[in-house]
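Reviewing the structure listed below.
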Amino acid sequence: MCLSIPSKVIKIDENNIATVDTMGIQREVSLDLMPDQVEINDYILIHVGFAMNKINKSEALASLELYQEMIENMEEEERRQAIEESDNCPSNGV
Amino acid sequence: MDKRLLLSHGGGGEESNQLIRELFFKHFGNEILLRDEDAAVLDIKNKIAFTTDSFTVSPIFFSGGNIGKLSIAGTVNDLAMMGAKPLYISCGFIIEEGLLYSELEMIVKTMAEELSISGAKIVCGDTKVVPKGSVDKIFINTSGIGEVQVSDISAHNLEEGDAIIVSRDIGRHGATILAQREGIDIASGLSTDCATLWPMVECLLDQNIIPNAMRDATRGGLAAVLNEWAMTSNICIELEEQSIPISDDVQGLCEIFGFEASDFANEGTFVLAVKSEYAQKTIELLHTFENSKTATIIGKVTTRKKQKVIINTAWGSSRYLNLPKGELLPRIC
Amino acid sequence: MMNGLKLKDLYDQFRNPKIIKSLAALIEKESIKFKTPLRIMEVCGGHTHTIMKYGLMQILPDNIEFIHGPGCPVCIMPKERIDHAIALANIDDAILCTLGDMIRVPGSKSTLAKERAKGRDIRPLYSPMDVLKIAKENPDKKIIFFTIGFETTTPMTAVVIDHVLKNHIDNVYFHINHVLVPSAVKAIMDPGKAKINAFIGPSHVSVITGSKIYEPLSQAYQTPIVVSGFEPVDVMEGILMMARQKNEGRSEVEIEYKRSVTRDGNLKAQSMINTYMEVRTHFRWRGIGDIPESALKLKDEYAMIDAEKVFANVLSNEPIDDHKLCICGTILQGLAKPKDCSVFGKVCTPNNPLGSCMVSDEGACNAYYRYGEI
């Protein structure tokens, strides 16, 4: 029931109805609950036929960059562990 | 022109005869049908496969096809899935008074085109026209006879180690119908996968690839087929989630409505269980056909949890893929 | 990696297996320092769904547990109010509209689905705005909108009410069953029985209300509350943030779902709700009982469109209890799991639900049944 999905605004008409695109599927939603002006190409969250808010693109990007760092750190640590294990392997160098 | 079907067109009299000759015989004509007897007399040497299906899909026209295409492909595919060459089809129409003649003509033309793909022939039929409101526009029943080429393709035959292959991306037919019913504009070109599968099956059999099991994933989707197999053969099927092909637009629709693509009906997509040593060759052969050029291995048969289907995620967790509950979408095919 | 954000990234990247694995590794590191287990209640049914569907419990350490909360607005509807929906549907020339899963929830004798099969005009809607379309197309019928939902869905009802009043549409009535998250949390924590020491704050309720509504709760119960999105990466990151709070001795409200949630929320939506609705003094929650100030009703000046007043003669408020074997109530309070229920998966299944935890796609029992415990 709380299903809300990000969609991209592709058109806005004079009745405050926006046409949005979700991975190639287009639908109309009401903008009656949007506190701020909505522009074409904005990403908005849709719930039961209404736009609830605009997705903050810079926060989304900041999260993704953070995750990228996390992955790099994890992979670095895995490399280090693999090297350690190899160094400590009794049959190494035989 | 908005000529419409009237009750007299199903009455057995002059208007009926005219309809049969001008429409059905014109498009379906072959020497058996044109004899116009009470029954078709057929000469078949070997074991036969026999199937029937009724088509009540709503809407009758949808992106990529119509009820006529479904009625031929659906029955032909049921025969193909048993390793039987589709030969003869019967066709019963129940038409609502007032249906546009042009719509019926379009449906019949589509059926003729679809028949030419497998070479099957409509050899007998029946037409009824019923009062307005008795049916919703048109219902079609087709029964089919095929000549069994190889026996022993069966839901009972899956074995540990078998590869599970799907012929293309899943869920297209169900998604297309849902989108059309909800009045959703499909910019992406989402359309049904409805297609005759016999050419692919014939190719595999010709190359001596005999699947342990084959099924087209119609009502209930991929989930229904795999669960039936797991229960019938008393084995476990494990799928790798990342390998299950789902197109972006089907995925988008699933996100919007909260459905799973594996529950949606397909009408031109089939699933095979083949011995692992044949898997690669099967994929290569399927790739030579337009409708199965993205065929892929999605999992294998194990004994991890018999009678169940398990999906393994890419991050090391697993869950069951259960039979879809209830009526996901009524009158889907 | 980022030249700009593609829409697909908002789906794919927040389900990225590498990110999920990295977060699992970081959570593992934090969990080693725990002196006591981290027992997290996810209030919202959507989070239960994510956790079960993506099998997140299988990649988390044993000292992190989930307790499923009452965040499924269909699940908490008591039988007598479902009977209201059925009674309203049986009014001559009424068209009963409601959202999704309500159609299959069992009342004391029937369900809306069964009533529809008997010929009653019952319409499950995708969007509340469809009420206006149906009203226009059926001027001689009474359109009764049986509303359900937490704070996410309440503003949409308010918009429909607004349209109905401003456009003088005289054949629409509302039966309001909107409920409030903070009161539910209080009802669970106040008795002191539930051993919960962290909360995953609901994603989309918080888009509307802002994270500010959780601050008094976090204070009162000294528990971290992290508002997380619905994707598996969001839930894992939220757990990491809770684990860190636990190890650092903090009890704060934090937002993981920063791309959609702010402290203040959607003020326009909040104002729409406050224009037409107010808090009820009492409301019975299925399996939990009366929770004061936990639900909304139409303000008195809108009595003419309030179905509970206009059709009071067909509506009984006699409380009706559940089937005695159904332990949905205990599950909703976080005191039991679906597998503790003697009828789970046997007599009670999605096709034949005894209680609402099994009917709704967001119910804990339904999620467990579908995604199983392998």
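For the structure tokens, the naming scheme is as follows: chains receive sequential letters (A, B, ...) according to their order of presentation, residues are indexed from 1 within each chain, and ligands are indexed from 1 in presentation order.
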
Members of region 15-66 of chain A assigned strand (DSSP E or B) by DSSP, as a short mmCIF file (atom, residue, chain, number, x, y, z; two decimals) with N, CA and C atoms, in the first residue's frame:
```
data_model
loop_
_atom_site.label_atom_id
_atom_site.label_comp_id
_atom_site.auth_asym_id
_atom_site.auth_seq_id
_atom_site.Cartn_x
_atom_site.Cartn_y
_atom_site.Cartn_z
N ILE A 17 -1.99 18.30 -13.96
CA ILE A 17 -1.77 16.87 -14.14
C ILE A 17 -0.46 16.70 -14.90
N ALA A 18 0.41 15.86 -14.40
CA ALA A 18 1.68 15.61 -15.08
C ALA A 18 1.65 14.23 -15.73
N THR A 19 2.31 14.12 -16.90
CA THR A 19 2.54 12.80 -17.48
C THR A 19 3.93 12.38 -17.05
N VAL A 20 4.02 11.21 -16.45
CA VAL A 20 5.32 10.73 -15.97
C VAL A 20 5.68 9.41 -16.63
N ASP A 21 6.98 9.16 -16.67
CA ASP A 21 7.48 7.94 -17.30
C ASP A 21 8.22 7.09 -16.27
N THR A 22 7.82 5.83 -16.16
CA THR A 22 8.51 4.89 -15.27
C THR A 22 9.05 3.76 -16.15
N ILE A 25 6.92 3.15 -19.19
CA ILE A 25 5.48 3.15 -18.98
C ILE A 25 5.07 4.56 -18.58
N GLN A 26 4.08 5.11 -19.31
CA GLN A 26 3.68 6.49 -19.01
C GLN A 26 2.31 6.52 -18.37
N ARG A 27 2.16 7.40 -17.41
CA ARG A 27 0.85 7.58 -16.76
C ARG A 27 0.65 9.02 -16.39
N GLU A 28 -0.61 9.33 -16.03
CA GLU A 28 -0.89 10.69 -15.56
C GLU A 28 -1.03 10.68 -14.07
N VAL A 29 -0.48 11.72 -13.43
CA VAL A 29 -0.62 11.84 -11.97
C VAL A 29 -0.99 13.26 -11.62
N SER A 30 -1.60 13.42 -10.44
CA SER A 30 -2.00 14.73 -9.98
C SER A 30 -0.83 15.40 -9.25
N TYR A 43 12.56 14.23 -11.17
CA TYR A 43 12.18 12.89 -10.73
C TYR A 43 11.27 13.08 -9.53
N ILE A 44 10.08 12.46 -9.59
CA ILE A 44 9.15 12.60 -8.47
C ILE A 44 8.70 11.23 -7.97
N LEU A 45 8.25 11.21 -6.72
CA LEU A 45 7.74 9.98 -6.12
C LEU A 45 6.24 9.94 -6.30
N ILE A 46 5.73 8.82 -6.83
CA ILE A 46 4.30 8.70 -7.10
C ILE A 46 3.66 7.72 -6.13
N HIS A 47 2.51 8.07 -5.62
CA HIS A 47 1.76 7.16 -4.75
C HIS A 47 0.29 7.29 -5.08
N PHE A 50 -0.81 10.17 -7.29
CA PHE A 50 -0.40 11.53 -6.92
C PHE A 50 1.11 11.62 -6.83
N ALA A 51 1.65 12.81 -7.15
CA ALA A 51 3.05 13.07 -6.87
C ALA A 51 3.16 13.52 -5.42
N MET A 52 4.09 12.90 -4.67
CA MET A 52 4.21 13.23 -3.23
C MET A 52 5.32 14.22 -2.97
N ASN A 53 6.43 14.06 -3.71
CA ASN A 53 7.54 15.00 -3.53
C ASN A 53 8.54 14.83 -4.66
N LYS A 54 9.48 15.74 -4.72
CA LYS A 54 10.55 15.68 -5.72
C LYS A 54 11.70 14.91 -5.12
#
```

Distance limit 10 Å, atoms considered: only C-alpha atoms. Which chain B residues sit that close to chain C? Return them as a PyMOL selection string.
chain B and resi 182+242+248+252+255+257-258+304-305+310-326

Only C-alpha atoms, please: the residues just picked out, written as a compact mmCIF listing (two decimals), in the first residue's frame.
```
# COMPACT_ATOMS: atom_id res chain seq x y z
CA GLU B 182 -5.50 0.29 -17.12
CA GLN B 242 20.14 -12.17 -12.04
CA ASP B 248 12.61 -2.71 -18.59
CA GLY B 252 8.35 -0.82 -14.85
CA GLU B 255 7.00 -1.71 -10.00
CA PHE B 257 1.36 -2.37 -9.67
CA GLY B 258 3.42 -4.39 -7.24
CA ARG B 304 17.86 -28.87 -2.08
CA LYS B 305 14.18 -28.73 -1.16
CA ILE B 310 14.02 -21.39 -4.99
CA ILE B 311 15.40 -18.08 -6.22
CA ASN B 312 19.00 -17.30 -5.26
CA THR B 313 19.85 -13.59 -5.14
CA ALA B 314 23.18 -12.13 -6.21
CA TRP B 315 24.07 -11.29 -2.62
CA GLY B 316 23.78 -14.74 -1.16
CA SER B 317 20.22 -14.98 0.07
CA SER B 318 17.38 -17.21 -1.16
CA ARG B 319 13.63 -17.25 -1.18
CA TYR B 320 10.84 -19.45 -2.50
CA LEU B 321 9.13 -18.69 -5.79
CA ASN B 322 5.57 -19.72 -5.02
CA LEU B 323 2.55 -20.40 -7.17
CA PRO B 324 0.76 -17.11 -7.83
CA LYS B 325 -2.30 -16.75 -5.62
CA GLY B 326 -5.83 -16.27 -6.81
```

At most 6 Å is the cut-off: for each residue in chain C with any atom that close to an atom of chain A, write down the nearest atom pair and the distance in Å rounded to one decimal, counting only C-alpha atoms, chain first then increasing number, as CSV.
```
residue,atom,partner,partner_atom,distance
C:Ser22,CA,A:Ile71,CA,5.8
C:Tyr126,CA,A:Val48,CA,5.9
C:Ser127,CA,A:Val48,CA,4.6
C:Arg259,CA,A:Asn56,CA,4.7
C:Ser260,CA,A:Ile55,CA,5.4
C:Lys268,CA,A:Pro35,CA,5.4
C:Ala269,CA,A:Leu33,CA,5.6
```

Writing out the chosen residues with N, CA and C atoms as a PDB file, in the first residue's frame:
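Written out: out-v4.pdb:
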```pdb
ATOM      1  N   SER C  22      28.673  -5.084   0.678  1.00  0.00           N
ATOM      2  CA  SER C  22      29.563  -4.205   1.463  1.00  0.00           C
ATOM      3  C   SER C  22      28.887  -3.773   2.744  1.00  0.00           C
ATOM      4  N   TYR C 126      -7.159   2.137  -8.096  1.00  0.00           N
ATOM      5  CA  TYR C 126      -5.718   2.373  -8.027  1.00  0.00           C
ATOM      6  C   TYR C 126      -5.477   3.752  -7.402  1.00  0.00           C
ATOM      7  N   SER C 127      -6.293   4.736  -7.794  1.00  0.00           N
ATOM      8  CA  SER C 127      -6.094   6.087  -7.269  1.00  0.00           C
ATOM      9  C   SER C 127      -7.388   6.644  -6.694  1.00  0.00           C
ATOM     10  N   ARG C 259      17.211  11.141  -0.025  1.00  0.00           N
ATOM     11  CA  ARG C 259      16.783  11.625  -1.338  1.00  0.00           C
ATOM     12  C   ARG C 259      15.287  11.949  -1.366  1.00  0.00           C
ATOM     13  N   SER C 260      14.550  11.508  -0.327  1.00  0.00           N
ATOM     14  CA  SER C 260      13.107  11.755  -0.336  1.00  0.00           C
ATOM     15  C   SER C 260      12.539  12.329   0.955  1.00  0.00           C
ATOM     16  N   LYS C 268       2.449  21.176   2.524  1.00  0.00           N
ATOM     17  CA  LYS C 268       1.174  21.371   1.804  1.00  0.00           C
ATOM     18  C   LYS C 268       0.242  20.186   2.083  1.00  0.00           C
ATOM     19  N   ALA C 269       0.798  18.975   2.029  1.00  0.00           N
ATOM     20  CA  ALA C 269      -0.009  17.781   2.293  1.00  0.00           C
ATOM     21  C   ALA C 269      -0.529  17.794   3.725  1.00  0.00           C
TER      22      ALA C 269
END
```

Return as a count of residues only the residues belonging to chain B that are within 10 Å of chain A, counting only C-alpha atoms.
21

Measure the distance from CA of Glu15 (chain B) to CA of Gly133 (chain B) in Å and round it to one decimal.
21.5 Å

Compile the contact shell of region 295-307 of chain C as a list in words: residues with an atom at most 8 Å away, counting only C-alpha atoms, same-chain residues fewer than 2 positions apart removed.
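Using only C-alpha atoms, the neighbours found are Ile144, Val172, Tyr173, Phe174, His175, Ile176, Asn177, His178, Val179, Leu180, Tyr276, Met277, Glu278, Val279, Arg280, His282, Phe283, Glu293, Lys309, Val310, Phe311 and Ala312 of chain C.
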
Leaving out region 192-209 of chain B and any residue of its chain fewer than 3 positions from it, which residues lie within 6 Å of it when counting only C-alpha atoms, given as number ranges by chain?
B: 64, 73, 77, 80, 172-173, 176, 267-268

Please produce an output containing C-alpha atoms for each residue in the selection, written as a short mmCIF file (atom, residue, chain, number, x, y, z; two decimals), in the first residue's frame.
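As written to disk, result35.cif reads:
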```
data_model
loop_
_atom_site.label_atom_id
_atom_site.label_comp_id
_atom_site.auth_asym_id
_atom_site.auth_seq_id
_atom_site.Cartn_x
_atom_site.Cartn_y
_atom_site.Cartn_z
CA GLY B 64 1.20 -7.09 -30.93
CA ALA B 73 -0.60 -19.93 -31.35
CA ASN B 77 2.07 -24.43 -28.91
CA ALA B 80 4.56 -28.41 -29.89
CA ARG B 172 5.19 -9.64 -21.79
CA HIS B 173 1.67 -10.86 -22.55
CA THR B 176 0.59 -5.83 -22.20
CA GLU B 267 1.95 -16.59 -24.98
CA GLY B 268 5.11 -17.17 -27.00
#
```

Who sits within 7 Å of region 242-246 of chain C, only C-alpha atoms, same chain under 3 positions skipped, as a ChimeraX atom specification:
/C:27,30-31,198,224,226,238-239,249-251

Quote the spacing between CA of Glu97 (chain B) and CA of Ile60 (chain B) in Å to one decimal place.
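Atom-to-atom, CA of Glu97 (chain B) and CA of Ile60 (chain B) are spaced 15.4 Å apart.
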
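The shortest atom-to-atom distance to Ile161 (chain C), with only C-alpha atoms taken into account, belongs to C:Met272 out of C:Met272, C:Cys44, C:Ala25, C:Ala220.
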
Using only C-alpha atoms, which protein or nucleic acid residues come within 8 Å of Ala279 (chain B)? Drop anything in the same chain fewer than 5 positions from it, and give the result as a list in words.
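These residues fall inside the cut-off: Ala163, Ile165, Val274 and Ile297 of chain B.
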
Atomic distance CA of Ile235 (chain B) - CA of Cys365 (chain C), expressed in Å with one decimal
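Computing the Euclidean distance for CA of Ile235 (chain B) and CA of Cys365 (chain C) yields 26.1 Å.
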
Applying 8 Å and only C-alpha atoms, which residues near Met41 (chain C) remain after dropping the ones on its own chain fewer than 5 positions away? List them as a ChimeraX atom specification.
/C:66-69,196,198-200,334

Write out the residues from the selection above, keeping C-alpha atoms, as a tab-separated table (two decimals), in the first residue's frame.
```
chain	number	residue	atom	x	y	z
C	66	PHE	CA	13.47	-8.13	13.22
C	67	ILE	CA	10.16	-7.69	14.94
C	68	HIS	CA	7.32	-6.99	12.55
C	69	GLY	CA	5.16	-4.02	13.39
C	196	ILE	CA	12.54	-3.50	20.92
C	198	ALA	CA	15.50	0.31	17.48
C	199	PHE	CA	12.98	1.27	14.79
C	200	ILE	CA	13.12	1.47	11.03
C	334	GLY	CA	5.81	-7.68	17.77
```
